[in-house]
Amino acid sequence: MGRGSVAGVDQRLRRLLAGPRLRVGRRRALAALHQEEGEHGGGDDTRASGQEARRHRTGERVVGGGDQPATHTEENREEVERLTAIAKGWITWQARTITAECRERCGAQGLFPENGIADLPASIEGGITAEGDNLVIWVKAASEMVFGHQTALPDAMPAGGLADLPFLRGLFAQVEAVWQARARTALRAGPAGDPIGRWNVTSASALEMVSVHARLQAADALAAAAERAADPTARSLLLSLCRLFLLRQIREHTGDLLAEGHLTADQVRELPDALDAVVADLAPHMMTLVDAFDFPPEMLSAIPIASGGSIARTASRVAVPC
């Protein structure tokens, strides 16, 4: 996934296209068009969140985004195992989405196996099924969390607006609570004496609750990583990525947040501008964020698209004479 990100960003900087309001004959780099970043769920914010969520999955952090090593006890074992299953599902599904997006950003070059992207989806598909099929383990987690989980809501909604990370985190926690309440209501109202029927009317809301919970955990992990950063620039960029990640997640739930009184109508109208502002702030640091994957130069130099090469020149060098 990371090497696909490197190649994808490199191509966004290299590929030129005719953009809106450009004079005839003028072209701009794909990366210059910010709406290209906003139309897809994947992005550096999701990749960074996935990296930190993976630390949770391996037990490196405690449940809930803390900053101390996890201790697995009999009391928290069930919760840790459930979080591991949820994180595994979210990370592998996001990896599939991101690799598809990276392939698209590379155009036809992304289809050639020599560039190291075309073969990634098959490997990720294996991860989606291995160690428990994602949907199956999420259904199990959802059934447990309808009544056996308490959403980590703040005592009171933090003051602030769309530029404030605690406020955004509080909003998304409210989204999880909304879907948990819906799942509980559906389960109680389901057909009596028909466990399958009751679950069928509950499952959609319960699975959405799990999805929101996974993304909230990822946001907490990314925010914790930002707080640990010693370098002020690194900390600022990570916090901006976390803000972008949460704004994107909140975007699809503005109706519920407005209905419950957690967002105002003006804030809903301001959300697109808030997203554009964060993207604009992060855009100049695109290569810094990609370089943070810290891939060895010798590895990237072997991938034509990641080292400024072309597949045509690579093919000519390795061609076997007849």
# chains A, B, ... in the order shown; residues from 1 in each chain; ligands from 1
$ residues_around --residues "region 117-126 of chain A" --least-positions-apart "5" --cutoff "12 Å" --atoms "only C-alpha atoms" --output "PyMOL selection string"
chain A and resi 1-8+88-89+91-112+131-134+303-306
$ residues_around --residues "Asp256 (chain A)" --least-positions-apart "5" --cutoff "9 Å" --atoms "only C-alpha atoms" --output "VMD selection string"
chain A and resid 175 178 261 to 263
$ atom_distance --atom1 "CA of His285 (chain A)" --atom2 "CA of Phe172 (chain A)"
26.4 Å
$ select_by_dssp --residues "region 70-213 of chain A" --states "alpha helix (DSSP H)" --output "MDAnalysis selection string"
chainID A and resid 77:105 120:129 134:148 165:189 195:213
$ atom_distance --atom1 "CA of Ala204 (chain A)" --atom2 "CA of Ala183 (chain A)"
7.9 Å
$ residues_around --residues "Leu239 (chain A)" --least-positions-apart "4" --cutoff "8 Å" --atoms "only C-alpha atoms" --output "ChimeraX atom specification"
/A:165,222-223,226,235,243
$ write_last_selection --atoms "C-alpha atoms" --output "JSON list (two decimals), in the first residue's frame"
[["chain", "number", "residue", "atom", "x", "y", "z"],
["A", 165, "LEU", "CA", -9.73, 18.63, 16.49],
["A", 222, "LEU", "CA", -3.42, 9.28, 14.55],
["A", 223, "ALA", "CA", -4.01, 12.06, 17.08],
["A", 226, "ALA", "CA", 0.79, 13.52, 16.52],
["A", 235, "ARG", "CA", 3.25, 17.26, 14.80],
["A", 243, "ARG", "CA", -8.42, 16.93, 11.03]]
$ residues_around --residues "Ala214 (chain A)" --least-positions-apart "4" --cutoff "7 Å" --atoms "only C-alpha atoms" --output "list in words"
Ile86, Ala87, Trp90, Val210 and Ala218 of chain A
$ write_last_selection --atoms "N, CA, C and O atoms" --output "mmCIF file, in the first residue's frame"
data_model
loop_
_atom_site.group_PDB
_atom_site.id
_atom_site.type_symbol
_atom_site.label_atom_id
_atom_site.label_comp_id
_atom_site.auth_asym_id
_atom_site.auth_seq_id
_atom_site.Cartn_x
_atom_site.Cartn_y
_atom_site.Cartn_z
ATOM 1 N N ILE A 86 -11.896 -5.804 14.361
ATOM 2 C CA ILE A 86 -12.428 -4.610 13.696
ATOM 3 C C ILE A 86 -11.329 -3.896 12.920
ATOM 4 O O ILE A 86 -11.518 -3.487 11.771
ATOM 5 N N ALA A 87 -10.166 -3.761 13.548
ATOM 6 C CA ALA A 87 -9.051 -3.079 12.890
ATOM 7 C C ALA A 87 -8.596 -3.845 11.655
ATOM 8 O O ALA A 87 -8.312 -3.256 10.607
ATOM 9 N N TRP A 90 -11.115 -3.134 8.861
ATOM 10 C CA TRP A 90 -11.060 -1.762 8.334
ATOM 11 C C TRP A 90 -9.778 -1.521 7.535
ATOM 12 O O TRP A 90 -9.799 -0.952 6.448
ATOM 13 N N VAL A 210 -20.130 -0.304 13.834
ATOM 14 C CA VAL A 210 -18.776 -0.867 13.853
ATOM 15 C C VAL A 210 -17.860 -0.080 12.937
ATOM 16 O O VAL A 210 -16.710 0.219 13.281
ATOM 17 N N ALA A 218 -9.165 4.832 14.607
ATOM 18 C CA ALA A 218 -8.068 5.249 13.733
ATOM 19 C C ALA A 218 -7.732 6.717 13.952
ATOM 20 O O ALA A 218 -6.558 7.107 13.992
#
$ residues_around --residues "region 272-278 of chain A" --least-positions-apart "6" --cutoff "7 Å" --atoms "only C-alpha atoms" --output "PDB file with N, CA and C atoms, in the first residue's frame"
ATOM      1  N   LEU A 162     -15.186  23.741  13.217  1.00  0.00           N
ATOM      2  CA  LEU A 162     -14.667  22.747  12.283  1.00  0.00           C
ATOM      3  C   LEU A 162     -13.154  22.755  12.149  1.00  0.00           C
ATOM      4  N   SER A 240      -3.010  18.007  11.158  1.00  0.00           N
ATOM      5  CA  SER A 240      -3.789  18.419   9.992  1.00  0.00           C
ATOM      6  C   SER A 240      -4.360  17.203   9.262  1.00  0.00           C
ATOM      7  N   LEU A 244      -8.262  16.449   8.634  1.00  0.00           N
ATOM      8  CA  LEU A 244      -8.804  16.116   7.320  1.00  0.00           C
ATOM      9  C   LEU A 244      -9.556  14.786   7.360  1.00  0.00           C
ATOM     10  N   LEU A 247     -12.916  15.308   9.163  1.00  0.00           N
ATOM     11  CA  LEU A 247     -13.844  16.092   8.345  1.00  0.00           C
ATOM     12  C   LEU A 247     -14.455  15.229   7.249  1.00  0.00           C
TER      13      LEU A 247
END
$ atom_distance --atom1 "CA of Gln174 (chain A)" --atom2 "CA of Ala159 (chain A)"
14.4 Å
$ closest_residue --among "A:Phe293, A:Trp199, A:Phe167, A:Trp179" --to "His253 (chain A)" --atoms "only C-alpha atoms"
A:Trp179
